[in-house]
Amino acid sequence: RKEVEQDPGPFNVPEGATVAFNCTYSNSASQSFFWYRQDCRKEPKLLMSVYSSGNEDGRFTAQLNRASQYISLLIRDSKLSDSATYLCVVKTGGYNKLIFGAGTRLAVHP
Amino acid sequence: DTGVSQDPRHKITKRGQNVTFRCDPISEHNRLYWYRQTLGQGPEFLTYFQNEAQLEKSRLLSDRFSAERPKGSFSTLEIQRTEQGDSAMYLCASSSITDRSYNEQFFGPGTRLTVL
């Protein structure tokens, strides 16, 4: 079983739609949680950290459920520019090593 | 541009050859990481340096792989006797231990390796 699992998609949605991505992780000792965004043939970039209380950044809302070892990302009012792969990421251990899911691909169409 | 840089951006080699990649982290970042990413997968951790010390290595890093960061600044990743399974994007990232926030890892553009 992979340490971080995501639905690979692709999610094809129209502009303005709300889309939700889910992710589960296997290591209960995981300490920190993130969503990274990766455009085609580009490097991953941090989208947002995920906190136990849930957090929001504009159109993006992230949630963490430690008991279920579940992370989510909600994107409201999708834009064409949101088309990318969204990587669920977990930090476990003391050296800041990141464990990535395989990513969920989002395609927003006009 | 003061981000993470990697060289070369692309490398095509024949099976059995040795290749070396270079990573220049963001200035004054003391943590440096190497990851490998294959098509359709997320990046996989390979190794981690704090300053010049290599503190963690993944099981993925076979004895054909070696990484160095001799002066605590740039790093090199060498693959000896390349195999077709080594074909991947090799990503370097750096972070600062002194950041108050989650010491975000900033990724370079990667070196895409193709082994023929």
# chains A, B, ... in the order shown; residues from 1 in each chain; ligands from 1

call {"tool": "interface_residues", "arguments": {"of": "chain B", "to": "chain A", "cutoff": "7 Å", "atoms": "only C-alpha atoms", "output": "PyMOL selection string"}}
result
chain B and resi 40-45+107-110

call {"tool": "write_last_selection", "arguments": {"atoms": "N, CA and C atoms", "output": "PDB file, in the first residue's frame"}}
result
ATOM      1  N   GLY B  40       3.414  10.025 -14.337  1.00  0.00           N
ATOM      2  CA  GLY B  40       2.188   9.622 -13.668  1.00  0.00           C
ATOM      3  C   GLY B  40       2.324   9.402 -12.173  1.00  0.00           C
ATOM      4  N   GLN B  41       3.496   9.666 -11.631  1.00  0.00           N
ATOM      5  CA  GLN B  41       3.723   9.488 -10.202  1.00  0.00           C
ATOM      6  C   GLN B  41       4.152  10.809  -9.565  1.00  0.00           C
ATOM      7  N   GLY B  42       4.004  10.884  -8.260  1.00  0.00           N
ATOM      8  CA  GLY B  42       4.541  12.030  -7.559  1.00  0.00           C
ATOM      9  C   GLY B  42       6.032  11.852  -7.322  1.00  0.00           C
ATOM     10  N   PRO B  43       6.714  12.920  -6.958  1.00  0.00           N
ATOM     11  CA  PRO B  43       8.142  12.809  -6.653  1.00  0.00           C
ATOM     12  C   PRO B  43       8.389  11.826  -5.506  1.00  0.00           C
ATOM     13  N   GLU B  44       9.494  11.089  -5.612  1.00  0.00           N
ATOM     14  CA  GLU B  44       9.898  10.157  -4.555  1.00  0.00           C
ATOM     15  C   GLU B  44      11.216  10.626  -3.957  1.00  0.00           C
ATOM     16  N   PHE B  45      11.278  10.657  -2.659  1.00  0.00           N
ATOM     17  CA  PHE B  45      12.466  11.126  -1.954  1.00  0.00           C
ATOM     18  C   PHE B  45      13.646  10.208  -2.224  1.00  0.00           C
ATOM     19  N   PHE B 107      11.391  23.845  -5.199  1.00  0.00           N
ATOM     20  CA  PHE B 107      11.918  22.894  -6.169  1.00  0.00           C
ATOM     21  C   PHE B 107      12.559  23.598  -7.354  1.00  0.00           C
ATOM     22  N   GLY B 108      13.606  22.965  -7.876  1.00  0.00           N
ATOM     23  CA  GLY B 108      14.181  23.400  -9.129  1.00  0.00           C
ATOM     24  C   GLY B 108      13.399  22.836 -10.294  1.00  0.00           C
ATOM     25  N   PRO B 109      13.765  23.228 -11.525  1.00  0.00           N
ATOM     26  CA  PRO B 109      13.018  22.796 -12.715  1.00  0.00           C
ATOM     27  C   PRO B 109      13.243  21.339 -13.089  1.00  0.00           C
ATOM     28  N   GLY B 110      14.229  20.705 -12.482  1.00  0.00           N
ATOM     29  CA  GLY B 110      14.468  19.290 -12.731  1.00  0.00           C
ATOM     30  C   GLY B 110      15.419  19.023 -13.887  1.00  0.00           C
TER      31      GLY B 110
END

call {"tool": "residues_around", "arguments": {"residues": "range 89-99 of chain B", "least_positions_apart": "5", "cutoff": "6 Å", "atoms": "only C-alpha atoms", "output": "list of chain:residue names"}}
result
B:Pro25, B:His29, B:Asn30, B:Arg31, B:Leu32, B:Tyr33, B:Trp34, B:Tyr35, B:Arg36, B:Gln37, B:Glu104, B:Gln105, B:Phe106, B:Phe107, B:Gly108, B:Gly110, B:Thr111, B:Arg112

call {"tool": "residues_around", "arguments": {"residues": "range 16-25 of chain A", "least_positions_apart": "3", "cutoff": "6 Å", "atoms": "only C-alpha atoms", "output": "list in words"}}
result
Glu3, Val4, Glu5, Gln6, Gln69, Tyr70, Ile71, Ser72, Leu73, Leu74, Ile75, Arg76, Asp77 and Ser78 of chain A

call {"tool": "closest_residue", "arguments": {"among": "B:Thr38, B:Asn103, B:Gln50, B:Ala88", "to": "Arg9 in chain B", "atoms": "only C-alpha atoms"}}
result
B:Ala88

call {"tool": "residues_around", "arguments": {"residues": "Glu78 in chain B", "least_positions_apart": "6", "cutoff": "6 Å", "atoms": "only C-alpha atoms", "output": "PyMOL selection string"}}
result
chain B and resi 19-20+65-66

call {"tool": "write_last_selection", "arguments": {"atoms": "all heavy atoms", "output": "JSON list (two decimals), in the first residue's frame"}}
result
[["chain", "number", "residue", "atom", "x", "y", "z"],
["B", 19, "VAL", "N", 26.26, 9.36, -15.53],
["B", 19, "VAL", "CA", 25.77, 10.73, -15.68],
["B", 19, "VAL", "C", 25.87, 11.46, -14.34],
["B", 19, "VAL", "O", 25.81, 10.83, -13.28],
["B", 19, "VAL", "CB", 24.30, 10.79, -16.18],
["B", 19, "VAL", "CG1", 24.19, 10.21, -17.59],
["B", 19, "VAL", "CG2", 23.37, 10.07, -15.22],
["B", 20, "THR", "N", 26.04, 12.76, -14.42],
["B", 20, "THR", "CA", 26.10, 13.59, -13.21],
["B", 20, "THR", "C", 25.23, 14.81, -13.40],
["B", 20, "THR", "O", 25.29, 15.48, -14.43],
["B", 20, "THR", "CB", 27.54, 14.04, -12.92],
["B", 20, "THR", "OG1", 28.36, 12.88, -12.72],
["B", 20, "THR", "CG2", 27.60, 14.89, -11.65],
["B", 65, "PHE", "N", 23.98, 4.96, -7.28],
["B", 65, "PHE", "CA", 23.69, 6.38, -7.08],
["B", 65, "PHE", "C", 24.59, 6.93, -5.97],
["B", 65, "PHE", "O", 24.74, 6.31, -4.92],
["B", 65, "PHE", "CB", 22.24, 6.59, -6.66],
["B", 65, "PHE", "CG", 21.22, 6.35, -7.75],
["B", 65, "PHE", "CD1", 20.97, 5.07, -8.21],
["B", 65, "PHE", "CD2", 20.51, 7.41, -8.29],
["B", 65, "PHE", "CE1", 20.03, 4.86, -9.22],
["B", 65, "PHE", "CE2", 19.57, 7.21, -9.29],
["B", 65, "PHE", "CZ", 19.33, 5.93, -9.75],
["B", 66, "SER", "N", 25.11, 8.11, -6.20],
["B", 66, "SER", "CA", 25.84, 8.78, -5.13],
["B", 66, "SER", "C", 25.57, 10.28, -5.23],
["B", 66, "SER", "O", 25.46, 10.84, -6.31],
["B", 66, "SER", "CB", 27.35, 8.50, -5.22],
["B", 66, "SER", "OG", 27.87, 8.99, -6.44]]

call {"tool": "residues_around", "arguments": {"residues": "Asp7 in chain B", "least_positions_apart": "6", "cutoff": "8 Å", "atoms": "only C-alpha atoms", "output": "list in words"}}
result
Phe21, Arg22, Cys23 and Thr111 of chain B

call {"tool": "write_last_selection", "arguments": {"atoms": "all heavy atoms", "output": "PDB file, in the first residue's frame"}}
result
ATOM      1  N   PHE B  21      24.426  15.092 -12.378  1.00  0.00           N
ATOM      2  CA  PHE B  21      23.555  16.259 -12.395  1.00  0.00           C
ATOM      3  C   PHE B  21      23.995  17.211 -11.280  1.00  0.00           C
ATOM      4  O   PHE B  21      24.469  16.775 -10.229  1.00  0.00           O
ATOM      5  CB  PHE B  21      22.096  15.865 -12.129  1.00  0.00           C
ATOM      6  CG  PHE B  21      21.591  14.745 -12.988  1.00  0.00           C
ATOM      7  CD1 PHE B  21      20.746  13.783 -12.469  1.00  0.00           C
ATOM      8  CD2 PHE B  21      21.956  14.638 -14.319  1.00  0.00           C
ATOM      9  CE1 PHE B  21      20.270  12.747 -13.244  1.00  0.00           C
ATOM     10  CE2 PHE B  21      21.490  13.610 -15.104  1.00  0.00           C
ATOM     11  CZ  PHE B  21      20.647  12.650 -14.565  1.00  0.00           C
ATOM     12  N   ARG B  22      23.744  18.487 -11.533  1.00  0.00           N
ATOM     13  CA  ARG B  22      24.104  19.491 -10.540  1.00  0.00           C
ATOM     14  C   ARG B  22      22.876  20.252 -10.080  1.00  0.00           C
ATOM     15  O   ARG B  22      21.960  20.515 -10.870  1.00  0.00           O
ATOM     16  CB  ARG B  22      25.104  20.476 -11.137  1.00  0.00           C
ATOM     17  CG  ARG B  22      25.473  21.623 -10.190  1.00  0.00           C
ATOM     18  CD  ARG B  22      26.478  22.554 -10.768  1.00  0.00           C
ATOM     19  NE  ARG B  22      26.630  23.739  -9.940  1.00  0.00           N
ATOM     20  CZ  ARG B  22      27.799  24.166  -9.469  1.00  0.00           C
ATOM     21  NH1 ARG B  22      28.919  23.505  -9.756  1.00  0.00           N
ATOM     22  NH2 ARG B  22      27.863  25.268  -8.743  1.00  0.00           N
ATOM     23  N   CYS B  23      22.869  20.615  -8.814  1.00  0.00           N
ATOM     24  CA  CYS B  23      21.797  21.424  -8.247  1.00  0.00           C
ATOM     25  C   CYS B  23      22.414  22.586  -7.475  1.00  0.00           C
ATOM     26  O   CYS B  23      23.295  22.379  -6.628  1.00  0.00           O
ATOM     27  CB  CYS B  23      20.933  20.595  -7.300  1.00  0.00           C
ATOM     28  SG  CYS B  23      19.759  21.580  -6.325  1.00  0.00           S
ATOM     29  N   THR B 111      16.004  17.836 -13.855  1.00  0.00           N
ATOM     30  CA  THR B 111      16.792  17.300 -14.963  1.00  0.00           C
ATOM     31  C   THR B 111      16.073  16.063 -15.476  1.00  0.00           C
ATOM     32  O   THR B 111      15.864  15.115 -14.718  1.00  0.00           O
ATOM     33  CB  THR B 111      18.217  16.911 -14.523  1.00  0.00           C
ATOM     34  OG1 THR B 111      18.931  18.085 -14.135  1.00  0.00           O
ATOM     35  CG2 THR B 111      18.952  16.221 -15.663  1.00  0.00           C
TER      36      THR B 111
END

call {"tool": "residues_around", "arguments": {"residues": "Ser52 in chain A", "least_positions_apart": "3", "cutoff": "9 Å", "atoms": "only C-alpha atoms", "output": "list in words"}}
result
Asn55, Gln63, Leu64, Asn65 and Arg66 of chain A

call {"tool": "residues_around", "arguments": {"residues": "Arg59 in chain B", "least_positions_apart": "2", "cutoff": "10 Å", "atoms": "only C-alpha atoms", "output": "number ranges by chain"}}
result
B: 45-47, 56-57, 61-63

call {"tool": "atom_distance", "arguments": {"atom1": "CA of Val13 in chain A", "atom2": "CA of Val90 in chain A"}}
result
26.6 Å

call {"tool": "atom_distance", "arguments": {"atom1": "CA of Ser68 in chain A", "atom2": "CA of Trp35 in chain A"}}
result
17.7 Å

call {"tool": "atom_distance", "arguments": {"atom1": "CA of Thr114 in chain B", "atom2": "CA of His10 in chain B"}}
result
8.0 Å
